[in-house]
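With mmCIF, C-alpha atoms inside, this is final.cif:
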```cif
data_my_file
loop_
_atom_site.label_atom_id
_atom_site.label_comp_id
_atom_site.auth_asym_id
_atom_site.auth_seq_id
_atom_site.Cartn_x
_atom_site.Cartn_y
_atom_site.Cartn_z
CA MET A 210 -28.78 -20.11 -10.43
CA THR A 211 -25.76 -18.60 -12.09
CA ALA A 212 -25.57 -16.28 -15.04
CA PHE A 213 -22.39 -17.93 -16.31
CA GLU A 214 -20.99 -21.41 -16.58
CA PRO A 215 -17.49 -22.81 -16.91
CA GLY A 216 -16.20 -22.11 -20.39
CA ASP A 217 -18.29 -18.96 -20.93
CA ARG A 218 -16.34 -16.02 -22.28
CA VAL A 219 -16.86 -13.02 -20.02
CA ARG A 220 -15.74 -9.43 -19.89
CA VAL A 221 -15.04 -7.58 -16.69
CA ARG A 222 -17.17 -4.45 -16.58
CA PRO A 223 -15.04 -1.36 -17.12
CA ALA A 224 -17.01 0.44 -14.43
CA ASN A 225 -15.51 3.01 -12.11
CA LYS A 226 -17.38 2.36 -8.94
CA PRO A 227 -16.39 4.53 -6.00
CA GLY A 228 -15.74 2.92 -2.66
CA HIS A 229 -14.63 -0.58 -1.78
CA VAL A 230 -14.46 -3.02 -4.66
CA ARG A 231 -12.62 -6.30 -5.01
CA THR A 232 -12.27 -6.13 -8.77
CA PRO A 233 -8.76 -4.90 -9.54
CA GLY A 234 -8.37 -2.10 -12.04
CA TYR A 235 -6.05 -4.11 -14.25
CA LEU A 236 -8.92 -6.50 -15.06
CA LYS A 237 -11.54 -3.92 -15.96
CA GLY A 238 -12.62 -4.13 -19.56
CA LYS A 239 -10.64 -7.36 -20.06
CA THR A 240 -12.02 -10.55 -21.48
CA GLY A 241 -11.42 -14.03 -20.15
CA TRP A 242 -13.43 -17.17 -19.49
CA VAL A 243 -15.10 -18.76 -16.54
CA GLU A 244 -12.90 -21.48 -15.09
CA SER A 245 -15.28 -22.50 -12.32
CA VAL A 246 -18.16 -21.36 -10.18
CA LEU A 247 -16.93 -20.86 -6.63
CA GLY A 248 -20.26 -20.58 -4.85
CA GLU A 249 -22.40 -17.73 -3.64
CA PHE A 250 -21.14 -15.02 -1.35
CA ARG A 251 -22.33 -11.81 0.20
CA ASN A 252 -21.34 -8.62 -1.58
CA PRO A 253 -18.09 -7.25 -0.12
CA GLU A 254 -18.90 -3.80 -1.50
CA ASP A 255 -21.83 -3.63 0.91
CA LEU A 256 -20.23 -5.52 3.79
CA ALA A 257 -17.46 -2.95 3.77
CA TYR A 258 -19.96 -0.34 4.96
CA GLY A 259 -21.73 -2.45 7.54
CA LEU A 260 -24.56 -3.45 5.22
CA SER A 261 -25.84 -6.99 5.08
CA GLY A 262 -24.34 -7.83 1.70
CA VAL A 263 -27.33 -9.95 0.74
CA PRO A 264 -28.51 -11.32 -1.55
CA GLU A 265 -25.53 -13.58 -2.03
CA ARG A 266 -24.24 -13.56 -5.56
CA PRO A 267 -22.16 -16.09 -7.46
CA LEU A 268 -18.41 -15.75 -7.42
CA TYR A 269 -16.44 -17.05 -10.39
CA LYS A 270 -12.87 -18.07 -10.94
CA VAL A 271 -12.12 -16.29 -14.19
CA ALA A 272 -9.10 -17.06 -16.35
CA PHE A 273 -7.33 -14.51 -18.53
CA ARG A 274 -4.47 -14.84 -20.98
CA GLN A 275 -1.64 -12.70 -19.65
CA ALA A 276 -1.02 -11.59 -23.23
CA ASP A 277 -4.52 -10.08 -23.20
CA LEU A 278 -3.94 -8.24 -19.93
CA TRP A 279 -0.57 -6.61 -20.52
CA ASP A 280 1.13 -4.94 -23.44
CA GLY A 281 4.46 -6.60 -24.01
CA TYR A 282 3.81 -9.37 -21.50
CA GLU A 283 7.11 -11.03 -20.76
CA GLY A 284 6.34 -14.69 -21.15
CA PRO A 285 4.72 -17.35 -23.32
CA ALA A 286 1.29 -16.79 -24.81
CA ASP A 287 -0.06 -19.66 -22.70
CA ASP A 288 0.59 -17.97 -19.36
CA LEU A 289 -2.63 -17.30 -17.51
CA LEU A 290 -3.93 -15.23 -14.66
CA TYR A 291 -6.88 -16.20 -12.51
CA ALA A 292 -8.96 -13.91 -10.35
CA ASP A 293 -12.07 -14.47 -8.28
CA VAL A 294 -14.70 -12.11 -9.67
CA TYR A 295 -18.23 -11.45 -8.44
CA GLU A 296 -21.07 -11.92 -10.90
CA GLN A 297 -22.14 -8.31 -10.87
CA TRP A 298 -18.77 -7.39 -12.37
CA LEU A 299 -19.06 -9.73 -15.34
CA GLU A 300 -20.90 -9.46 -18.61
CA GLN A 301 -21.16 -11.81 -21.51
CA ASP A 302 -18.38 -11.27 -24.00
CA GLN A 303 -19.96 -10.29 -27.27
CA GLY A 304 -17.48 -12.22 -29.38
CA GLY A 305 -14.49 -10.46 -30.82
CA VAL A 306 -10.88 -11.46 -30.56
CA ALA A 307 -10.43 -15.14 -29.71
CA MET B 1415 21.64 -5.28 20.34
CA SER B 1416 20.94 -1.67 21.35
CA HIS B 1417 23.60 0.48 23.00
CA PRO B 1418 22.79 1.63 26.52
CA HIS B 1419 22.96 5.24 25.33
CA GLU B 1420 21.04 4.74 22.15
CA GLU B 1421 17.46 5.88 22.32
CA VAL B 1422 15.54 2.68 22.61
CA ARG B 1423 13.67 2.69 19.35
CA HIS B 1424 12.96 -1.00 19.03
CA GLN B 1425 9.34 -0.01 19.04
CA SER B 1426 9.84 2.88 16.69
CA SER B 1427 6.28 3.25 15.54
CA PRO B 1428 3.78 5.59 17.17
CA TYR B 1429 1.24 2.96 16.26
CA ALA B 1430 2.75 0.65 18.85
CA THR B 1431 1.54 2.98 21.56
CA ARG B 1432 -1.72 3.50 19.74
CA ILE B 1433 -2.63 -0.20 19.69
CA ARG B 1434 -1.69 -0.59 23.34
CA ALA B 1435 -3.98 2.31 24.17
CA ILE B 1436 -6.74 0.71 22.12
CA GLU B 1437 -6.17 -2.60 23.86
CA ALA B 1438 -6.36 -1.00 27.30
CA LEU B 1439 -9.57 0.82 26.45
CA LEU B 1440 -11.22 -2.22 24.89
CA LEU B 1441 -10.38 -4.31 27.93
CA GLU B 1442 -11.74 -1.67 30.29
CA LYS B 1443 -14.94 -1.38 28.33
CA GLY B 1444 -15.36 -5.14 28.34
CA ILE B 1445 -15.29 -5.33 24.54
CA LEU B 1446 -12.73 -8.07 24.69
CA THR B 1447 -10.83 -9.97 27.32
CA GLU B 1448 -7.14 -10.56 27.88
CA ALA B 1449 -7.72 -14.27 27.40
CA GLU B 1450 -9.24 -13.68 23.97
CA VAL B 1451 -6.29 -11.58 22.91
CA GLN B 1452 -3.75 -14.04 24.27
CA ASP B 1453 -5.51 -16.98 22.65
CA ARG B 1454 -5.37 -15.24 19.34
CA ILE B 1455 -1.69 -14.43 19.70
CA SER B 1456 -1.02 -18.08 20.53
CA TYR B 1457 -3.14 -19.15 17.57
CA MET B 1458 -0.97 -17.19 15.15
CA GLU B 1459 2.27 -18.25 16.79
CA ALA B 1460 1.26 -21.89 16.37
CA ARG B 1461 0.87 -21.51 12.63
CA SER B 1462 3.79 -21.64 10.25
CA PRO B 1463 4.92 -22.91 6.86
CA ALA B 1464 5.68 -26.24 8.55
CA ASN B 1465 1.93 -26.93 8.31
CA GLY B 1466 2.02 -26.48 4.58
CA ALA B 1467 5.11 -28.63 4.33
CA LYS B 1468 3.36 -31.44 6.22
CA LEU B 1469 0.37 -31.26 3.90
CA ALA B 1470 2.57 -31.32 0.81
CA ALA B 1471 4.68 -34.23 2.01
CA ARG B 1472 1.63 -36.29 2.90
CA ALA B 1473 0.10 -35.50 -0.50
CA TRP B 1474 3.29 -36.68 -2.19
CA VAL B 1475 3.33 -40.05 -0.45
CA ASP B 1476 -0.43 -40.67 -0.38
CA PRO B 1477 -2.35 -40.00 -3.63
CA ARG B 1478 -5.71 -40.42 -1.91
CA PHE B 1479 -4.76 -37.80 0.64
CA LYS B 1480 -3.74 -35.55 -2.20
CA GLU B 1481 -7.21 -35.86 -3.70
CA ARG B 1482 -8.73 -34.95 -0.37
CA LEU B 1483 -6.33 -32.03 0.02
CA LEU B 1484 -7.33 -30.69 -3.35
CA SER B 1485 -11.05 -31.19 -2.89
CA ASP B 1486 -11.51 -30.15 0.75
CA THR B 1487 -8.41 -28.52 2.12
CA LYS B 1488 -9.77 -27.72 5.57
CA ALA B 1489 -10.85 -31.32 6.18
CA ALA B 1490 -7.53 -32.67 4.92
CA ALA B 1491 -5.67 -30.24 7.17
CA ARG B 1492 -7.72 -31.42 10.12
CA GLU B 1493 -6.60 -35.00 9.40
CA LEU B 1494 -3.04 -33.87 10.12
CA GLY B 1495 -4.05 -31.95 13.23
CA ILE B 1496 -4.00 -28.55 11.54
CA ASP B 1497 -6.96 -26.43 12.57
CA ALA B 1498 -7.81 -24.13 9.67
CA SER B 1499 -11.43 -23.67 10.60
CA GLY B 1500 -13.03 -20.31 10.07
CA PRO B 1501 -15.02 -18.35 7.49
CA VAL B 1502 -12.46 -18.34 4.68
CA GLU B 1503 -12.14 -21.18 2.23
CA PHE B 1504 -8.80 -22.67 1.27
CA VAL B 1505 -7.87 -23.98 -2.11
CA VAL B 1506 -4.69 -25.87 -2.87
CA LEU B 1507 -3.32 -25.44 -6.38
CA GLU B 1508 -1.36 -28.37 -7.68
CA ASN B 1509 1.77 -27.73 -9.69
CA THR B 1510 2.18 -30.18 -12.56
CA PRO B 1511 4.79 -30.70 -15.26
CA LYS B 1512 2.62 -28.41 -17.39
CA VAL B 1513 1.48 -25.73 -14.94
CA HIS B 1514 3.29 -23.74 -12.29
CA ASN B 1515 1.12 -21.70 -9.91
CA LEU B 1516 1.96 -18.41 -8.20
CA ILE B 1517 -0.13 -16.70 -5.56
CA VAL B 1518 -0.58 -13.02 -4.82
CA CYS B 1519 -3.16 -10.65 -3.40
CA THR B 1520 -2.71 -7.39 -5.26
CA LEU B 1521 -5.36 -5.54 -3.29
CA CYS B 1522 -4.27 -6.24 0.29
CA SER B 1523 -1.90 -9.26 0.76
CA CYS B 1524 -4.47 -11.89 1.70
CA TYR B 1525 -2.69 -15.11 2.60
CA PRO B 1526 -3.64 -18.56 3.97
CA ARG B 1527 -2.78 -17.48 7.51
CA ALA B 1528 -4.79 -20.13 9.29
CA ILE B 1529 -2.51 -22.76 7.78
CA LEU B 1530 0.80 -21.02 7.08
CA GLY B 1531 0.82 -18.26 9.70
CA ARG B 1532 1.91 -14.74 8.86
CA PRO B 1533 3.06 -13.92 5.33
CA PRO B 1534 6.64 -12.80 4.75
CA ASP B 1535 7.29 -9.06 4.39
CA TRP B 1536 8.11 -9.45 0.70
CA TYR B 1537 4.69 -10.95 -0.03
CA LYS B 1538 3.09 -7.83 1.44
CA SER B 1539 5.39 -5.45 -0.40
CA PHE B 1540 4.04 -3.09 -3.02
CA ASP B 1541 6.64 -4.38 -5.46
CA TYR B 1542 5.40 -7.96 -5.18
CA ARG B 1543 1.74 -6.98 -5.25
CA SER B 1544 2.23 -4.87 -8.36
CA ARG B 1545 4.67 -7.06 -10.33
CA ALA B 1546 3.61 -10.66 -9.56
CA VAL B 1547 0.58 -10.30 -11.84
CA ARG B 1548 2.36 -8.27 -14.53
CA GLU B 1549 5.68 -10.12 -14.82
CA PRO B 1550 5.57 -13.31 -12.76
CA ARG B 1551 8.50 -14.92 -14.54
CA VAL B 1552 10.74 -11.92 -13.84
CA VAL B 1553 9.71 -11.98 -10.17
CA MET B 1554 10.35 -15.71 -9.88
CA ARG B 1555 13.78 -15.20 -11.44
CA GLU B 1556 14.52 -12.86 -8.54
CA PHE B 1557 13.77 -15.81 -6.28
CA GLY B 1558 16.13 -18.01 -8.26
CA PHE B 1559 13.52 -19.93 -10.20
CA GLU B 1560 12.94 -20.06 -13.92
CA PRO B 1561 10.26 -22.44 -15.21
CA PRO B 1562 10.80 -23.57 -18.79
CA GLU B 1563 8.90 -21.72 -21.49
CA ASP B 1564 6.72 -24.77 -22.15
CA VAL B 1565 5.45 -24.73 -18.56
CA GLU B 1566 2.45 -22.46 -18.18
CA VAL B 1567 2.73 -19.98 -15.34
CA ALA B 1568 -0.67 -19.40 -13.71
CA VAL B 1569 -0.92 -16.44 -11.36
CA HIS B 1570 -3.80 -16.42 -8.88
CA ASP B 1571 -4.89 -13.06 -7.50
CA SER B 1572 -6.77 -13.69 -4.24
CA THR B 1573 -9.43 -11.09 -4.85
CA ALA B 1574 -12.25 -12.64 -2.82
CA ASP B 1575 -12.46 -14.78 0.31
CA LEU B 1576 -10.65 -17.83 -0.96
CA ARG B 1577 -7.09 -18.32 0.20
CA TYR B 1578 -4.65 -20.18 -1.96
CA MET B 1579 -1.64 -22.35 -1.33
CA VAL B 1580 0.53 -24.14 -3.86
CA LEU B 1581 1.15 -27.89 -3.75
CA PRO B 1582 4.62 -28.03 -5.30
CA MET B 1583 5.70 -31.01 -7.39
CA GLN B 1584 7.77 -33.59 -5.59
CA PRO B 1585 11.36 -33.08 -6.70
CA SER B 1586 12.72 -35.98 -8.73
CA GLY B 1587 15.10 -38.36 -7.01
CA THR B 1588 13.30 -38.08 -3.66
CA GLU B 1589 11.11 -41.14 -3.96
CA HIS B 1590 13.08 -42.98 -1.28
CA MET B 1591 12.73 -40.23 1.31
CA SER B 1592 10.54 -40.41 4.38
CA GLU B 1593 7.57 -38.12 4.79
CA GLU B 1594 9.49 -36.06 7.36
CA GLU B 1595 12.46 -35.70 5.07
CA LEU B 1596 10.14 -34.65 2.26
CA ALA B 1597 8.46 -32.05 4.45
CA ASP B 1598 11.88 -30.55 5.15
CA LEU B 1599 12.25 -29.85 1.44
CA VAL B 1600 9.05 -27.80 1.23
CA THR B 1601 9.73 -24.14 1.90
CA ARG B 1602 7.29 -21.32 2.48
CA ASP B 1603 8.40 -19.73 -0.78
CA ALA B 1604 7.52 -22.93 -2.66
CA LEU B 1605 4.07 -22.92 -1.04
CA ILE B 1606 3.51 -19.40 -2.38
CA GLY B 1607 4.96 -20.41 -5.73
CA VAL B 1608 7.91 -18.04 -6.18
CA ASN B 1609 10.17 -21.06 -6.40
CA VAL B 1610 10.17 -24.81 -6.01
CA PRO B 1611 11.49 -27.29 -3.44
CA GLN B 1612 15.10 -28.23 -3.90
CA THR B 1613 16.45 -31.75 -3.81
CA PRO B 1614 19.15 -32.22 -1.19
CA THR B 1615 21.83 -32.40 -3.87
CA THR B 1616 20.80 -29.06 -5.37
CA ARG B 1617 20.51 -27.28 -2.03
CA SER B 1618 23.74 -25.46 -1.27
CA GLY B 1619 25.70 -26.85 1.65
CA MET C 720 -6.77 4.05 -5.98
CA VAL C 721 -3.40 3.59 -4.39
CA HIS C 722 -4.08 0.15 -2.90
CA ASP C 723 -5.10 -1.24 -6.30
CA LEU C 724 -1.57 -2.18 -7.14
CA GLY C 725 -1.80 -4.92 -9.76
CA GLY C 726 0.31 -3.87 -12.73
CA ALA C 727 1.63 -0.68 -11.16
CA PRO C 728 5.31 0.09 -11.70
CA GLY C 729 7.57 -1.53 -9.14
CA GLY C 730 11.14 -2.42 -8.39
CA PRO C 731 12.97 -5.55 -7.31
CA VAL C 732 11.25 -7.38 -4.49
CA ASP C 733 13.04 -6.72 -1.19
CA LYS C 734 13.38 -10.10 0.46
CA SER C 735 14.50 -8.87 3.87
CA GLN C 736 12.35 -9.79 6.83
CA HIS C 737 11.94 -7.66 9.90
CA GLU C 738 11.42 -9.33 13.24
CA VAL C 739 7.78 -9.18 14.15
CA GLU C 740 7.36 -6.90 17.15
CA ASP C 741 5.05 -7.49 20.06
CA TRP C 742 2.83 -4.55 19.15
CA GLU C 743 2.35 -6.08 15.70
CA ARG C 744 1.28 -9.38 17.24
CA LEU C 745 -1.12 -7.37 19.36
CA ALA C 746 -2.45 -5.42 16.38
CA ASP C 747 -3.02 -8.68 14.55
CA ALA C 748 -4.77 -10.32 17.47
CA ILE C 749 -7.04 -7.39 18.33
CA THR C 750 -8.08 -6.92 14.71
CA ILE C 751 -8.99 -10.55 14.33
CA VAL C 752 -10.71 -10.91 17.70
CA LEU C 753 -12.92 -7.94 16.82
CA ASP C 754 -13.71 -9.74 13.57
CA ILE C 755 -14.49 -13.04 15.28
CA LYS C 756 -16.78 -11.29 17.73
CA GLY C 757 -18.67 -9.67 14.87
CA ILE C 758 -17.72 -6.15 15.90
CA LYS C 759 -16.21 -5.45 12.51
CA THR C 760 -15.72 -7.38 9.28
CA THR C 761 -12.73 -8.12 7.08
CA ASP C 762 -14.44 -6.08 4.38
CA GLU C 763 -14.73 -3.04 6.65
CA HIS C 764 -11.13 -3.50 7.66
CA ARG C 765 -10.02 -3.49 4.04
CA ARG C 766 -12.20 -0.48 3.27
CA ALA C 767 -10.81 1.44 6.21
CA GLN C 768 -7.26 0.81 4.97
CA GLU C 769 -8.19 1.82 1.45
CA SER C 770 -9.68 5.04 2.81
CA LEU C 771 -6.38 6.18 4.27
CA PRO C 772 -4.99 9.21 2.49
CA PRO C 773 -2.81 7.84 -0.34
CA GLU C 774 0.41 9.21 1.12
CA GLU C 775 -0.36 7.53 4.43
CA TYR C 776 -1.24 4.25 2.74
CA LYS C 777 2.14 4.31 1.05
CA ARG C 778 4.10 5.43 4.09
CA LEU C 779 2.69 3.16 6.80
CA SER C 780 3.86 -0.37 7.33
CA TYR C 781 1.46 -3.30 7.06
CA TYR C 782 0.54 -3.40 10.74
CA GLU C 783 0.55 0.36 11.08
CA ARG C 784 -2.21 0.32 8.46
CA TRP C 785 -4.01 -2.32 10.50
CA VAL C 786 -3.87 -0.20 13.64
CA ALA C 787 -5.05 2.89 11.76
CA ALA C 788 -7.92 0.94 10.20
CA THR C 789 -8.95 -0.72 13.45
CA GLU C 790 -8.98 2.61 15.24
CA THR C 791 -11.02 4.20 12.43
CA LEU C 792 -13.61 1.45 12.64
CA LEU C 793 -13.86 1.49 16.43
CA VAL C 794 -14.42 5.24 16.33
CA GLU C 795 -16.89 4.91 13.47
CA LYS C 796 -18.86 2.38 15.45
CA GLY C 797 -18.93 4.58 18.53
CA ILE C 798 -16.93 2.13 20.62
CA LEU C 799 -14.02 4.48 21.23
CA THR C 800 -13.32 8.11 20.52
CA ARG C 801 -10.10 9.43 19.05
CA GLU C 802 -9.74 11.63 22.11
CA GLU C 803 -9.81 8.59 24.38
CA VAL C 804 -7.14 6.90 22.32
CA ASP C 805 -5.09 10.12 22.21
CA GLU C 806 -5.29 10.49 25.98
CA ARG C 807 -4.46 6.90 26.75
CA SER C 808 -1.59 6.93 24.23
CA ALA C 809 -0.16 10.05 25.86
CA GLU C 810 -0.47 8.40 29.26
CA ILE C 811 1.37 5.32 28.04
CA GLU C 812 4.07 7.45 26.44
CA HIS C 813 4.48 9.40 29.65
CA ARG C 814 4.55 6.38 31.91
CA TRP C 815 6.79 4.17 29.89
CA GLY C 816 8.58 6.53 27.55
CA GLY C 817 6.90 4.83 24.65
CA ALA C 818 5.28 1.40 24.70
#
```
Serialized structure, structure tokens:
Amino acid sequence: MTAFEPGDRVRVRPANKPGHVRTPGYLKGKTGWVESVLGEFRNPEDLAYGLSGVPERPLYKVAFRQADLWDGYEGPADDLLYADVYEQWLEQDQGGVA
Amino acid sequence: MSHPHEEVRHQSSPYATRIRAIEALLLEKGILTEAEVQDRISYMEARSPANGAKLAARAWVDPRFKERLLSDTKAAARELGIDASGPVEFVVLENTPKVHNLIVCTLCSCYPRAILGRPPDWYKSFDYRSRAVREPRVVMREFGFEPPEDVEVAVHDSTADLRYMVLPMQPSGTEHMSEEELADLVTRDALIGVNVPQTPTTRSG
Amino acid sequence: MVHDLGGAPGGPVDKSQHEVEDWERLADAITIVLDIKGIKTTDEHRRAQESLPPEEYKRLSYYERWVAATETLLVEKGILTREEVDERSAEIEHRWGGA
């Protein structure tokens, strides 16, 4: 049971969560799309403190246009960046810039 | 080689002593055994980019193997006698005439160690971790590689527990080569994606 | 945080490679064996590195960070104390003039 499916446009939550997170700062607040569902995994933010990390949550391979991530990106508009992002860090993109 | 009068600083880090102290204490407390430590050292020494080169060469000559490599990397590795078992998953990213892949771990330098062994120092450097995502083409140029503008560069940041390795494209003009000869063309840097395998004619003598 | 490096300013990538030292092989092995035996996790190991004071994170080499993190976790889990490690380190230094 996943909240998102391949092709869904998603935004990375611009949250500032203290402690161990595996969502890089450069992706926060950025919009991309789900490339694939990678499976369900325990939460690294909890595992990092000796907690069980359950329930497992879906992990997604999310694609971003480099031009959307960086001002003055040095390369073609088609260049992409992929990151593996946990479901709790994603929200549905409410439309906006294509 | 060190001079006889030079202070022997080949182990210049205070952490060298620290880890030896930790080892001694852990052994005494029965937390781990010498055999376990030695086995693990041997495990890492046995792993190197040659494993990745073997996988790539086999994938080039055998399309069905390539499919298996892409769909279940651990199982495909096992076919060639490469033990990559363990909790992390491996994914092989295929370079095509349209897409060139580059791998990084910005947060901590994760790397497919169970297949390729230890990462090079440059992969772990702050400069690579910070710039590979921001300006991959500039970084690749530093490694002597410049994909054409009509080839998409896809950077993969290993942010979770999947480890990535690139399957480079087989260089043109190598169709006649044996699998072993092909493996010789596949460098560690090509498996990370900062450049591509060279054909023998383009490699400098 | 200082470890969150994606997009940070940086310079040309230094391609030089230092020869891996025995203590680094040891640091690698001990860290991973502790992981395999379920004494600590990769996630804890990452967190412990990230918790280093920023100046230390920047100053230490890759395996120095690993040693610091492993020690932090072993102390945190009550398996070793810093004092024990200090004492044994001093002993090793004294006996061998540095490991």
Query raised in the report: So what does the PyMOL selection byres ((chain C) within 6 of (chain A)) actually pick up in this one, as a VMD selection string?
Result: chain C and resid 762 to 763 766
Writer output for current selection, C-alpha atoms, as a CSV table (one decimal), in the coordinates of the input:
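This is the output file out_31.csv:
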```
chain,number,residue,atom,x,y,z
C,762,ASP,CA,-14.4,-6.1,4.4
C,763,GLU,CA,-14.7,-3.0,6.6
C,766,ARG,CA,-12.2,-0.5,3.3
```
Requested in this report: Measure the distance from atom CA of Leu724 of chain C to atom CA of Ser1544 of chain B in Å and round it to one decimal.
Outcome: 4.8 Å
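Closest to chain C among B:Val1610, B:Ala1490, B:Met1554, B:Met1583 is B:Met1554, based on all atoms listed in the file.
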If we count only C-alpha atoms and set the cut-off at 10 Å, which residues sit around segment 287-293 of chain A, ignoring sequence neighbours fewer than 6 positions away in its own chain? Please answer as a short mmCIF file (atom, residue, chain, number, x, y, z; two decimals) with C-alpha atoms, in the coordinates of the input.
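The result, stored in out32.cif:
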```cif
data_model
loop_
_atom_site.label_atom_id
_atom_site.label_comp_id
_atom_site.auth_asym_id
_atom_site.auth_seq_id
_atom_site.Cartn_x
_atom_site.Cartn_y
_atom_site.Cartn_z
CA ARG A 231 -12.62 -6.30 -5.01
CA THR A 232 -12.27 -6.13 -8.77
CA PRO A 233 -8.76 -4.90 -9.54
CA LEU A 236 -8.92 -6.50 -15.06
CA GLY A 241 -11.42 -14.03 -20.15
CA TRP A 242 -13.43 -17.17 -19.49
CA VAL A 243 -15.10 -18.76 -16.54
CA GLU A 244 -12.90 -21.48 -15.09
CA SER A 245 -15.28 -22.50 -12.32
CA VAL A 246 -18.16 -21.36 -10.18
CA LEU A 247 -16.93 -20.86 -6.63
CA LEU A 268 -18.41 -15.75 -7.42
CA TYR A 269 -16.44 -17.05 -10.39
CA LYS A 270 -12.87 -18.07 -10.94
CA VAL A 271 -12.12 -16.29 -14.19
CA ALA A 272 -9.10 -17.06 -16.35
CA PHE A 273 -7.33 -14.51 -18.53
CA ARG A 274 -4.47 -14.84 -20.98
CA GLN A 275 -1.64 -12.70 -19.65
CA ALA A 276 -1.02 -11.59 -23.23
CA ASP A 277 -4.52 -10.08 -23.20
CA LEU A 278 -3.94 -8.24 -19.93
CA VAL B 1513 1.48 -25.73 -14.94
CA HIS B 1514 3.29 -23.74 -12.29
CA ASN B 1515 1.12 -21.70 -9.91
CA LEU B 1516 1.96 -18.41 -8.20
CA ILE B 1517 -0.13 -16.70 -5.56
CA CYS B 1519 -3.16 -10.65 -3.40
CA VAL B 1547 0.58 -10.30 -11.84
CA ARG B 1548 2.36 -8.27 -14.53
CA PRO B 1550 5.57 -13.31 -12.76
CA ARG B 1551 8.50 -14.92 -14.54
CA GLU B 1563 8.90 -21.72 -21.49
CA ASP B 1564 6.72 -24.77 -22.15
CA VAL B 1565 5.45 -24.73 -18.56
CA GLU B 1566 2.45 -22.46 -18.18
CA VAL B 1567 2.73 -19.98 -15.34
CA ALA B 1568 -0.67 -19.40 -13.71
CA VAL B 1569 -0.92 -16.44 -11.36
CA HIS B 1570 -3.80 -16.42 -8.88
CA ASP B 1571 -4.89 -13.06 -7.50
CA SER B 1572 -6.77 -13.69 -4.24
CA THR B 1573 -9.43 -11.09 -4.85
CA ALA B 1574 -12.25 -12.64 -2.82
CA ASP B 1575 -12.46 -14.78 0.31
CA LEU B 1576 -10.65 -17.83 -0.96
#
```
Query raised in the report: Near Ser1523 of chain B, within 12 Å and counting only C-alpha atoms, which residues show up once chain neighbours fewer than 5 positions away are dropped, as a PyMOL selection string?
Result: (chain B and resi 1517-1518+1532-1544+1546+1571-1575+1577-1578+1606) or (chain C and resi 722-725+765+781-782)
Report task. Output the residue selection produced by the PyMOL selection byres ((chain B and resi 1493) around 12) on the file above, formatted as a VMD selection string. Result -> chain B and resid 1465 1468 to 1469 1472 to 1473 1479 to 1480 1482 to 1483 1486 to 1492 1494 to 1498
**Report entry** Pick from B:Ala1464, B:Ala1471, B:Val1580, B:Val1552, whichever lies nearest to chain C using only C-alpha atoms
**Finding:** B:Val1552
Query raised in the report: What is the atom CA of Ala212 of chain A-atom CA of Glu265 of chain A distance in Å, reported with one decimal?
Result: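 Atom CA of Glu265 of chain A lies 13.3 Å from atom CA of Ala212 of chain A.
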For the contact check between chain C and chain B, emit one row per residue of chain C within 6 Å, containing the shortest atom pair and the distance in Å rounded to one decimal, counting only C-alpha atoms, chain then rising number order, as CSV.
```
residue,atom,partner,partner_atom,distance
C:His722,CA,B:Leu1521,CA,5.8
C:Asp723,CA,B:Leu1521,CA,5.3
C:Leu724,CA,B:Ser1544,CA,4.8
C:Gly725,CA,B:Ser1544,CA,4.3
C:Gly726,CA,B:Ser1544,CA,4.9
C:Ala727,CA,B:Ser1544,CA,5.1
C:Gly729,CA,B:Asp1541,CA,4.7
C:Gly730,CA,B:Asp1541,CA,5.7
C:Val732,CA,B:Asp1541,CA,5.6
C:Asp733,CA,B:Trp1536,CA,5.9
C:Lys734,CA,B:Trp1536,CA,5.3
C:Gln736,CA,B:Asp1535,CA,5.7
C:Trp742,CA,B:Ala1430,CA,5.2
C:Ala748,CA,B:Arg1454,CA,5.3
C:Glu783,CA,B:Tyr1429,CA,5.8
C:Val804,CA,B:Ala1435,CA,5.9
C:Arg807,CA,B:Ala1435,CA,5.3
C:Ser808,CA,B:Ala1435,CA,5.2
C:Ala818,CA,B:Thr1431,CA,5.1
```
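In this comparison, which uses all atoms listed in the file, the residue of B:Met1591, B:Val1505, B:Ala1470, B:Leu1441 approaching chain A most closely is B:Val1505.
Closest approach to Val752 of chain C among B:Gly1587, B:Trp1474, B:Arg1602, B:Ala1449 is made by B:Ala1449 (distances from only C-alpha atoms).
Relative to atom CA of Arg1527 of chain B, atom CA of Ser1462 of chain B is found at 8.2 Å.
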Query raised in the report: Looking at A:Asp302, A:Glu296, A:Glu283, A:Asp217, which one is nearest to chain B, with distances taken over only C-alpha atoms?
Result: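 Among the listed residues, A:Glu283 lies closest to chain B.
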Report task. Find the residue from B:Ala1597, B:Val1502, B:Ala1460, B:Leu1605 that sits nearest to Gly1531 of chain B; use only C-alpha atoms when measuring. Result ->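 Of all the options, B:Ala1460 lies closest to Gly1531 of chain B.
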Query - Near-Pro267 of chain A list (7 Å; all atoms listed in the file; drop same-chain fewer than 4 positions) as a VMD selection string - result: chain A and resid 211 248 to 250 295 to 296
Using only C-alpha atoms, please write the residues we just selected to a file, as a compact mmCIF listing (two decimals), keeping the file's coordinate frame.
```
# COMPACT_ATOMS: atom_id res chain seq x y z
CA THR A 211 -25.76 -18.60 -12.09
CA GLY A 248 -20.26 -20.58 -4.85
CA GLU A 249 -22.40 -17.73 -3.64
CA PHE A 250 -21.14 -15.02 -1.35
CA TYR A 295 -18.23 -11.45 -8.44
CA GLU A 296 -21.07 -11.92 -10.90
```
